[in-house]
$ cat run.cif   # mmCIF, C-alpha atoms; chains and numbers go by the auth columns
data_protein
loop_
_atom_site.group_PDB
_atom_site.id
_atom_site.type_symbol
_atom_site.label_atom_id
_atom_site.label_comp_id
_atom_site.label_asym_id
_atom_site.label_seq_id
_atom_site.Cartn_x
_atom_site.Cartn_y
_atom_site.Cartn_z
_atom_site.B_iso_or_equiv
_atom_site.auth_seq_id
_atom_site.auth_asym_id
ATOM 1 C CA MET A 1 235.007 88.984 -117.066 0.00 1 B
ATOM 2 C CA LEU A 2 233.107 86.185 -115.376 0.00 2 B
ATOM 3 C CA ALA A 3 230.521 84.453 -117.507 0.00 3 B
ATOM 4 C CA GLU A 4 226.907 84.747 -116.499 0.00 4 B
ATOM 5 C CA PRO A 5 225.688 81.522 -114.878 0.00 5 B
ATOM 6 C CA THR A 6 223.448 79.451 -117.090 0.00 6 B
ATOM 7 C CA ASP A 7 221.969 77.173 -114.433 0.00 7 B
ATOM 8 C CA PHE A 8 219.850 78.478 -111.605 0.00 8 B
ATOM 9 C CA PRO A 9 218.376 76.525 -108.703 0.00 9 B
ATOM 10 C CA PRO A 10 214.761 75.599 -109.476 0.00 10 B
ATOM 11 C CA GLU A 11 211.972 77.675 -108.024 0.00 11 B
ATOM 12 C CA CYS A 12 210.841 76.034 -104.800 0.00 12 B
ATOM 13 C CA GLN A 13 207.419 74.447 -104.512 0.00 13 B
ATOM 14 C CA ARG A 14 205.238 77.001 -102.754 0.00 14 B
ATOM 15 C CA ASP A 15 203.210 76.138 -99.665 0.00 15 B
ATOM 16 C CA TYR A 16 199.675 77.383 -100.235 0.00 16 B
ATOM 17 C CA SER A 17 198.382 75.600 -97.143 0.00 17 B
ATOM 18 C CA VAL A 18 199.239 78.689 -95.100 0.00 18 B
ATOM 19 C CA GLN A 19 196.750 81.521 -95.167 0.00 19 B
ATOM 20 C CA CYS A 20 199.051 84.409 -96.031 0.00 20 B
ATOM 21 C CA SER A 21 202.089 85.105 -98.170 0.00 21 B
ATOM 22 C CA LYS A 22 205.477 86.053 -96.738 0.00 22 B
ATOM 23 C CA SER A 23 204.849 89.780 -96.306 0.00 23 B
ATOM 24 C CA PHE A 24 201.379 89.402 -94.783 0.00 24 B
ATOM 25 C CA PHE A 25 200.113 88.046 -91.480 0.00 25 B
ATOM 26 C CA PRO A 26 196.734 86.435 -90.721 0.00 26 B
ATOM 27 C CA VAL A 27 193.916 88.321 -89.028 0.00 27 B
ATOM 28 C CA SER A 28 190.846 86.099 -88.875 0.00 28 B
ATOM 29 C CA THR A 29 190.177 85.153 -92.531 0.00 29 B
ATOM 30 C CA GLN A 30 192.112 88.175 -93.817 0.00 30 B
ATOM 31 C CA CYS A 31 195.784 88.896 -94.489 0.00 31 B
ATOM 32 C CA TRP A 32 197.273 92.231 -93.446 0.00 32 B
ATOM 33 C CA ALA A 33 200.509 93.581 -94.861 0.00 33 B
ATOM 34 C CA LYS A 34 203.644 93.897 -92.775 0.00 34 B
ATOM 35 C CA PRO A 35 205.535 97.215 -92.981 0.00 35 B
ATOM 36 C CA SER A 36 208.051 95.557 -95.325 0.00 36 B
ATOM 37 C CA TYR A 37 205.445 94.943 -98.057 0.00 37 B
ATOM 38 C CA SER A 38 205.897 97.275 -101.041 0.00 38 B
ATOM 39 C CA GLY A 39 203.759 95.553 -103.669 0.00 39 B
ATOM 40 C CA PRO A 40 200.810 97.007 -105.605 0.00 40 B
ATOM 41 C CA CYS A 41 197.944 95.431 -103.640 0.00 41 B
ATOM 42 C CA GLU A 42 195.816 96.732 -100.786 0.00 42 B
ATOM 43 C CA ARG A 43 197.347 96.289 -97.360 0.00 43 B
ATOM 44 C CA LYS A 44 194.281 94.451 -96.064 0.00 44 B
ATOM 45 C CA GLN A 45 193.293 91.422 -98.132 0.00 45 B
ATOM 46 C CA ARG A 46 189.936 89.814 -97.357 0.00 46 B
ATOM 47 C CA GLY A 47 188.831 86.224 -97.851 0.00 47 B
ATOM 48 C CA MET A 48 192.319 84.755 -98.153 0.00 48 B
ATOM 49 C CA ALA A 49 191.459 81.747 -95.985 0.00 49 B
ATOM 50 C CA GLN A 50 188.889 80.589 -98.540 0.00 50 B
ATOM 51 C CA MET A 51 191.176 80.841 -101.579 0.00 51 B
ATOM 52 C CA SER A 52 192.226 77.737 -103.487 0.00 52 B
ATOM 53 C CA ASP A 53 195.879 77.021 -104.249 0.00 53 B
ATOM 54 C CA GLU A 54 195.385 78.258 -107.816 0.00 54 B
ATOM 55 C CA GLN A 55 193.804 81.491 -106.587 0.00 55 B
ATOM 56 C CA LYS A 56 196.652 82.062 -104.142 0.00 56 B
ATOM 57 C CA GLU A 57 199.189 81.477 -106.896 0.00 57 B
ATOM 58 C CA SER A 58 197.451 84.038 -109.135 0.00 58 B
ATOM 59 C CA TRP A 59 197.168 86.472 -106.221 0.00 59 B
ATOM 60 C CA SER A 60 200.872 85.997 -105.449 0.00 60 B
ATOM 61 C CA ILE A 61 201.835 86.965 -108.996 0.00 61 B
ATOM 62 C CA ALA A 62 199.480 89.947 -109.132 0.00 62 B
ATOM 63 C CA CYS A 63 200.482 91.251 -105.703 0.00 63 B
ATOM 64 C CA GLU A 64 204.196 90.491 -106.102 0.00 64 B
ATOM 65 C CA ASP A 65 204.604 88.524 -102.902 0.00 65 B
ATOM 66 C CA ASN A 66 205.558 84.853 -102.716 0.00 66 B
ATOM 67 C CA TYR A 67 204.178 82.234 -100.397 0.00 67 B
ATOM 68 C CA PRO A 68 206.803 80.335 -98.374 0.00 68 B
ATOM 69 C CA CYS A 69 208.437 77.212 -99.744 0.00 69 B
ATOM 70 C CA LEU A 70 206.898 73.859 -98.913 0.00 70 B
ATOM 71 C CA PRO A 71 208.600 72.730 -95.671 0.00 71 B
ATOM 72 C CA GLU A 72 210.434 69.426 -95.442 0.00 72 B
ATOM 73 C CA GLN A 73 207.894 68.285 -92.864 0.00 73 B
ATOM 74 C CA CYS A 74 204.315 69.562 -92.988 0.00 74 B
ATOM 75 C CA PRO A 75 203.380 70.971 -89.541 0.00 75 B
ATOM 76 C CA ARG A 76 199.974 69.289 -89.613 0.00 76 B
ATOM 77 C CA GLY A 77 200.754 66.416 -91.897 0.00 77 B
ATOM 78 C CA THR A 78 200.371 65.856 -95.618 0.00 78 B
ATOM 79 C CA ASP A 79 196.929 66.314 -97.135 0.00 79 B
ATOM 80 C CA TRP A 80 196.659 63.038 -99.032 0.00 80 B
ATOM 81 C CA GLU A 81 192.958 63.679 -99.622 0.00 81 B
ATOM 82 C CA ARG A 82 193.841 66.350 -102.170 0.00 82 B
ATOM 83 C CA THR A 83 193.472 65.106 -105.727 0.00 83 B
ATOM 84 C CA CYS A 84 196.707 66.440 -107.223 0.00 84 B
ATOM 85 C CA PRO A 85 200.317 66.685 -106.075 0.00 85 B
ATOM 86 C CA ALA A 86 201.555 70.097 -104.961 0.00 86 B
ATOM 87 C CA GLY A 87 202.023 72.433 -107.912 0.00 87 B
ATOM 88 C CA TRP A 88 199.883 70.355 -110.269 0.00 88 B
ATOM 89 C CA ARG A 89 196.686 71.726 -111.818 0.00 89 B
ATOM 90 C CA HIS A 90 193.405 69.855 -111.467 0.00 90 B
ATOM 91 C CA VAL A 91 191.705 69.913 -114.865 0.00 91 B
ATOM 92 C CA SER A 92 188.557 67.912 -114.102 0.00 92 B
ATOM 93 C CA GLY A 93 187.385 64.541 -112.854 0.00 93 B
ATOM 94 C CA GLY A 94 190.657 63.698 -111.142 0.00 94 B
ATOM 95 C CA LEU A 95 192.863 64.527 -114.139 0.00 95 B
ATOM 96 C CA CYS A 96 195.919 66.520 -113.044 0.00 96 B
ATOM 97 C CA VAL A 97 198.525 68.296 -115.159 0.00 97 B
ATOM 98 C CA ALA A 98 202.113 68.757 -113.983 0.00 98 B
ATOM 99 C CA PRO A 99 204.096 72.013 -114.158 0.00 99 B
ATOM 100 C CA ALA A 100 205.800 72.689 -117.491 0.00 100 B
ATOM 101 C CA ASP A 101 209.259 71.741 -116.208 0.00 101 B
ATOM 102 C CA PHE A 102 208.192 68.342 -114.818 0.00 102 B
ATOM 103 C CA ASP A 103 209.802 65.448 -116.715 0.00 103 B
ATOM 104 C CA GLN A 104 210.180 62.560 -114.267 0.00 104 B
ATOM 105 C CA CYS A 105 206.881 60.821 -115.121 0.00 105 B
ATOM 106 C CA ASP A 106 203.817 61.425 -117.258 0.00 106 B
ATOM 107 C CA ALA A 107 202.780 65.062 -117.141 0.00 107 B
ATOM 108 C CA LYS A 108 199.063 64.194 -117.227 0.00 108 B
ATOM 109 C CA VAL A 109 197.800 61.691 -114.678 0.00 109 B
ATOM 110 C CA GLN A 110 194.308 60.510 -113.763 0.00 110 B
ATOM 111 C CA PHE A 111 194.324 60.360 -109.950 0.00 111 B
ATOM 112 C CA ALA A 112 190.596 59.763 -109.408 0.00 112 B
ATOM 113 C CA ALA A 113 191.010 56.082 -108.541 0.00 113 B
ATOM 114 C CA PHE A 114 194.311 56.435 -106.668 0.00 114 B
ATOM 115 C CA SER A 115 194.329 55.026 -103.155 0.00 115 B
ATOM 116 C CA LEU A 116 196.509 56.415 -100.385 0.00 116 B
ATOM 117 C CA GLN A 117 199.066 53.709 -101.147 0.00 117 B
ATOM 118 C CA ASP A 118 198.975 54.601 -104.855 0.00 118 B
ATOM 119 C CA LYS A 119 199.696 58.241 -104.057 0.00 119 B
ATOM 120 C CA HIS A 120 202.567 57.276 -101.757 0.00 120 B
ATOM 121 C CA ALA A 121 204.057 55.117 -104.509 0.00 121 B
ATOM 122 C CA PHE A 122 203.630 57.819 -107.160 0.00 122 B
ATOM 123 C CA ALA A 123 205.201 60.451 -104.898 0.00 123 B
ATOM 124 C CA GLN A 124 208.239 58.258 -104.258 0.00 124 B
ATOM 125 C CA LYS A 125 208.630 57.161 -107.880 0.00 125 B
ATOM 126 C CA CYS A 126 208.132 60.554 -109.498 0.00 126 B
ATOM 127 C CA GLY A 127 209.673 62.876 -106.921 0.00 127 B
ATOM 128 C CA VAL A 128 206.518 64.833 -106.122 0.00 128 B
ATOM 129 C CA ARG A 129 204.778 65.757 -102.904 0.00 129 B
ATOM 130 C CA TRP A 130 201.195 66.281 -101.904 0.00 130 B
ATOM 131 C CA PRO A 131 200.236 69.616 -100.281 0.00 131 B
ATOM 132 C CA CYS A 132 200.373 70.211 -96.557 0.00 132 B
ATOM 133 C CA ARG A 133 197.152 70.342 -94.589 0.00 133 B
ATOM 134 C CA ARG A 134 195.817 73.865 -94.385 0.00 134 B
ATOM 135 C CA LEU A 135 196.820 75.915 -91.351 0.00 135 B
ATOM 136 C CA SER A 136 194.015 78.462 -91.231 0.00 136 B
ATOM 137 C CA CYS A 137 191.807 77.861 -88.211 0.00 137 B
ATOM 138 C CA ALA A 138 189.721 79.342 -85.453 0.00 138 B
ATOM 139 C CA ARG A 139 191.995 80.713 -82.735 0.00 139 B
ATOM 140 C CA ASP A 140 192.005 79.504 -79.141 0.00 140 B
ATOM 141 C CA TYR A 141 192.264 82.616 -76.994 0.00 141 B
ATOM 142 C CA SER A 142 192.050 80.618 -73.772 0.00 142 B
ATOM 143 C CA SER A 143 195.838 80.271 -73.938 0.00 143 B
ATOM 144 C CA VAL A 144 197.696 82.991 -72.066 0.00 144 B
ATOM 145 C CA CYS A 145 200.320 83.542 -74.762 0.00 145 B
ATOM 146 C CA PRO A 146 200.454 83.581 -78.556 0.00 146 B
ATOM 147 C CA GLU A 147 201.858 80.661 -80.484 0.00 147 B
ATOM 148 C CA TYR A 148 205.656 80.303 -80.106 0.00 148 B
ATOM 149 C CA TRP A 149 205.631 82.512 -76.987 0.00 149 B
ATOM 150 C CA HIS A 150 206.427 80.999 -73.593 0.00 150 B
ATOM 151 C CA ASP A 151 204.224 81.576 -70.555 0.00 151 B
ATOM 152 C CA GLU A 152 206.627 82.791 -67.863 0.00 152 B
ATOM 153 C CA GLY A 153 203.866 82.970 -65.255 0.00 153 B
ATOM 154 C CA ASP A 154 201.732 85.886 -64.034 0.00 154 B
ATOM 155 C CA SER A 155 200.602 86.473 -67.662 0.00 155 B
ATOM 156 C CA ILE A 156 204.139 87.382 -68.764 0.00 156 B
ATOM 157 C CA CYS A 157 204.812 86.038 -72.260 0.00 157 B
ATOM 158 C CA HIS A 158 208.273 85.649 -73.785 0.00 158 B
ATOM 159 C CA ALA A 159 208.709 85.396 -77.562 0.00 159 B
ATOM 160 C CA ASN A 160 210.900 82.663 -79.004 0.00 160 B
ATOM 161 C CA PRO A 161 213.919 84.670 -80.261 0.00 161 B
ATOM 162 C CA ASN A 162 214.588 82.101 -82.993 0.00 162 B
ATOM 163 C CA ILE A 163 211.127 82.552 -84.495 0.00 163 B
ATOM 164 C CA TYR A 164 209.650 85.946 -83.642 0.00 164 B
ATOM 165 C CA THR A 165 210.646 88.843 -85.911 0.00 165 B
ATOM 166 C CA GLY A 166 207.736 91.196 -85.271 0.00 166 B
ATOM 167 C CA PRO A 167 207.823 94.818 -84.089 0.00 167 B
ATOM 168 C CA CYS A 168 206.949 94.253 -80.413 0.00 168 B
ATOM 169 C CA PRO A 169 209.297 93.669 -77.445 0.00 169 B
ATOM 170 C CA MET A 170 210.256 90.079 -76.708 0.00 170 B
ATOM 171 C CA TYR A 171 208.399 90.208 -73.377 0.00 171 B
ATOM 172 C CA ALA A 172 204.751 91.194 -72.979 0.00 172 B
ATOM 173 C CA ASN A 173 202.552 91.504 -69.908 0.00 173 B
ATOM 174 C CA LEU A 174 199.117 90.257 -70.969 0.00 174 B
ATOM 175 C CA THR A 175 197.444 90.536 -67.570 0.00 175 B
ATOM 176 C CA GLY A 176 193.714 91.086 -67.980 0.00 176 B
ATOM 177 C CA PHE A 177 193.739 90.533 -71.747 0.00 177 B
ATOM 178 C CA ASP A 178 190.367 89.301 -72.994 0.00 178 B
ATOM 179 C CA ASN A 179 189.751 87.883 -76.482 0.00 179 B
ATOM 180 C CA GLU A 180 189.370 91.326 -78.035 0.00 180 B
ATOM 181 C CA LEU A 181 192.641 92.591 -76.571 0.00 181 B
ATOM 182 C CA LYS A 182 194.401 89.428 -77.711 0.00 182 B
ATOM 183 C CA GLU A 183 193.058 89.941 -81.242 0.00 183 B
ATOM 184 C CA ASN A 184 194.423 93.499 -81.159 0.00 184 B
ATOM 185 C CA PHE A 185 197.761 92.181 -79.901 0.00 185 B
ATOM 186 C CA GLU A 186 197.835 89.799 -82.885 0.00 186 B
ATOM 187 C CA ILE A 187 197.349 92.713 -85.267 0.00 187 B
ATOM 188 C CA VAL A 188 199.896 95.028 -83.662 0.00 188 B
ATOM 189 C CA CYS A 189 202.611 92.441 -82.997 0.00 189 B
ATOM 190 C CA PHE A 190 202.199 90.074 -85.986 0.00 190 B
ATOM 191 C CA VAL A 191 201.479 87.006 -83.867 0.00 191 B
ATOM 192 C CA ALA A 192 198.710 84.418 -83.683 0.00 192 B
ATOM 193 C CA TRP A 193 197.150 82.399 -80.886 0.00 193 B
ATOM 194 C CA PRO A 194 197.091 78.586 -81.245 0.00 194 B
ATOM 195 C CA CYS A 195 194.397 76.907 -83.297 0.00 195 B
ATOM 196 C CA ALA A 196 191.332 75.756 -81.414 0.00 196 B
ATOM 197 C CA SER A 197 190.969 72.020 -80.986 0.00 197 B
ATOM 198 C CA LEU A 198 188.450 70.418 -83.305 0.00 198 B
ATOM 199 C CA CYS A 199 187.128 68.116 -80.598 0.00 199 B
ATOM 200 C CA GLU A 200 186.635 67.764 -76.863 0.00 200 B
ATOM 201 C CA ARG A 201 189.111 65.348 -75.287 0.00 201 B
ATOM 202 C CA ASP A 202 187.596 62.481 -73.318 0.00 202 B
ATOM 203 C CA PHE A 203 189.850 62.237 -70.286 0.00 203 B
ATOM 204 C CA SER A 204 187.560 59.653 -68.701 0.00 204 B
ATOM 205 C CA ALA A 205 189.060 57.069 -71.079 0.00 205 B
ATOM 206 C CA LYS A 206 191.523 54.747 -69.346 0.00 206 B
ATOM 207 C CA CYS A 207 194.203 55.038 -72.052 0.00 207 B
ATOM 208 C CA PRO A 208 195.463 57.665 -74.515 0.00 208 B
ATOM 209 C CA LEU A 209 194.347 57.508 -78.135 0.00 209 B
ATOM 210 C CA ALA A 210 195.749 54.453 -79.984 0.00 210 B
ATOM 211 C CA TRP A 211 196.872 52.812 -76.705 0.00 211 B
ATOM 212 C CA ARG A 212 195.473 49.428 -75.650 0.00 212 B
ATOM 213 C CA LEU A 213 194.360 48.541 -72.128 0.00 213 B
ATOM 214 C CA LEU A 214 196.168 45.445 -70.852 0.00 214 B
ATOM 215 C CA CYS A 215 194.873 43.046 -68.234 0.00 215 B
ATOM 216 C CA PRO A 216 196.296 43.804 -64.745 0.00 216 B
ATOM 217 C CA TRP A 217 198.082 40.447 -64.540 0.00 217 B
ATOM 218 C CA MET A 218 200.090 41.350 -67.671 0.00 218 B
ATOM 219 C CA TYR A 219 201.911 44.243 -66.020 0.00 219 B
ATOM 220 C CA GLY A 220 202.020 43.189 -62.394 0.00 220 B
#

$ encode --input "run.cif" --output "structure tokens"
Amino acid sequence: MLAEPTDFPPECQRDYSVQCSKSFFPVSTQCWAKPSYSGPCERKQRGMAQMSDEQKESWSIACEDNYPCLPEQCPRGTDWERTCPAGWRHVSGGLCVAPADFDQCDAKVQFAAFSLQDKHAFAQKCGVRWPCRRLSCARDYSSVCPEYWHDEGDSICHANPNIYTGPCPMYANLTGFDNELKENFEIVCFVAWPCASLCERDFSAKCPLAWRLLCPWMYG
């Protein structure tokens, strides 16, 4: 008889920057259950967008549904403004406590005075990461198609087959869809429209952001 394994891969660091857990999808500030969810909680969860990481972790345990693992690259960048590394608990005044299985550096660290460079150095030295920037946002329904769907023209949207796993066909004709119909499409098909931009772009500027205007004689 084969012996039972004694070593298991460590639990992954969960990504609480996303609004909903694996078996739920976002609808405004709520999370609605997919058909696959069989846990004990209500199928419509309100106020999820406002929850802290600690609240989401507690909710995840109570509702028996994990959040996804922290991705190798955060889609919207790392949130270095957060006080504690991902998975650490903020006690008070910048003091953070590591998970019980953390043993690479001190398990209690005062991060209040840490600069961005200090956090980078600590992350590299101690093998930790800071959380991803949160993904919940106001949706931009001016786009013809949902996120990860391709606009084929004439309001025909094609889902990315490598990403979309929802219940709707891979092609959808969204001709005449206003914001309300698009919101309904999100609910029925488990999709989301792109996030609205946080600012108006100034296209009167001569150069893109972070580019420098050179004198004409420098480039002929």

$ residues_near_point --input "run.cif" --point "(196.7, 66.8, -96.4)" --cutoff "6 Å" --atoms "all atoms listed in the file" --output "short mmCIF file (atom, residue, chain, number, x, y, z; two decimals) with C-alpha atoms, keeping the file's coordinate frame"
data_model
loop_
_atom_site.label_atom_id
_atom_site.label_comp_id
_atom_site.auth_asym_id
_atom_site.auth_seq_id
_atom_site.Cartn_x
_atom_site.Cartn_y
_atom_site.Cartn_z
CA THR B 78 200.37 65.86 -95.62
CA ASP B 79 196.93 66.31 -97.14
CA TRP B 80 196.66 63.04 -99.03
CA GLU B 81 192.96 63.68 -99.62
CA PRO B 131 200.24 69.62 -100.28
CA CYS B 132 200.37 70.21 -96.56
CA ARG B 133 197.15 70.34 -94.59
#

$ residues_around --input "run.cif" --residues "segment 35-48 of chain B" --least-positions-apart "3" --cutoff "12 Å" --atoms "only C-alpha atoms" --output "ChimeraX atom specification"
/B:16-32,51-53,55-57,59-66,136,165-167,187-190

$ resolve_selection --input "run.cif" --expression "the PyMOL selection byres ((chain B and resi 172) around 9)" --output "list in words"
Ser155, Ile156, Cys157, His158, Ala159, Cys168, Pro169, Met170, Tyr171, Asn173 and Leu174 of chain B

$ residues_around --input "run.cif" --residues "Gly176 of chain B" --least-positions-apart "5" --cutoff "10 Å" --atoms "all atoms listed in the file" --output "PDB file with C-alpha atoms, in the coordinates of the input"
ATOM      1  CA  VAL B 144     197.696  82.991 -72.066  1.00  0.00           C
ATOM      2  CA  SER B 155     200.602  86.473 -67.662  1.00  0.00           C
ATOM      3  CA  LEU B 181     192.641  92.591 -76.571  1.00  0.00           C
ATOM      4  CA  LYS B 182     194.401  89.428 -77.711  1.00  0.00           C
TER       5      LYS B 182
END

$ closest_residue --input "run.cif" --among "B:Cys96, B:Cys145, B:Val128, B:Ala49" --to "Glu183 of chain B" --atoms "all atoms listed in the file"
B:Cys145

$ residues_around --input "run.cif" --residues "Phe111 of chain B" --least-positions-apart "4" --cutoff "10 Å" --atoms "only C-alpha atoms" --output "PyMOL selection string"
chain B and resi 82-85+90+93-96+115+118-119

$ closest_residue --input "run.cif" --among "B:Gln13, B:Asn184, B:Gln110, B:Gln124" --to "Pro146 of chain B" --atoms "only C-alpha atoms"
B:Asn184

$ atom_distance --input "run.cif" --atom1 "atom CA of Val97 of chain B" --atom2 "atom CA of Gln73 of chain B"
24.2 Å

$ closest_residue --input "run.cif" --among "B:Leu70, B:Trp130, B:Ala98, B:Pro75" --to "Leu116 of chain B" --atoms "only C-alpha atoms"
B:Trp130

$ atom_distance --input "run.cif" --atom1 "atom CA of Arg129 of chain B" --atom2 "atom CA of Gly87 of chain B"
8.8 Å

$ axis_aligned_box --input "run.cif" --around "segment 50-69 of chain B" --padding-each-side "6 Å" --output "lines of an AutoDock Vina configuration file"
center_x = 198.7
center_y = 84.1
center_z = -103.8
size_x = 31.5
size_y = 26.2
size_z = 22.8

$ atom_distance --input "run.cif" --atom1 "atom CA of Asn162 of chain B" --atom2 "atom CA of Val191 of chain B"
14.0 Å

$ closest_residue --input "run.cif" --among "B:Arg139, B:Lys125, B:Lys34, B:Arg14" --to "Cys69 of chain B" --atoms "only C-alpha atoms"
B:Arg14
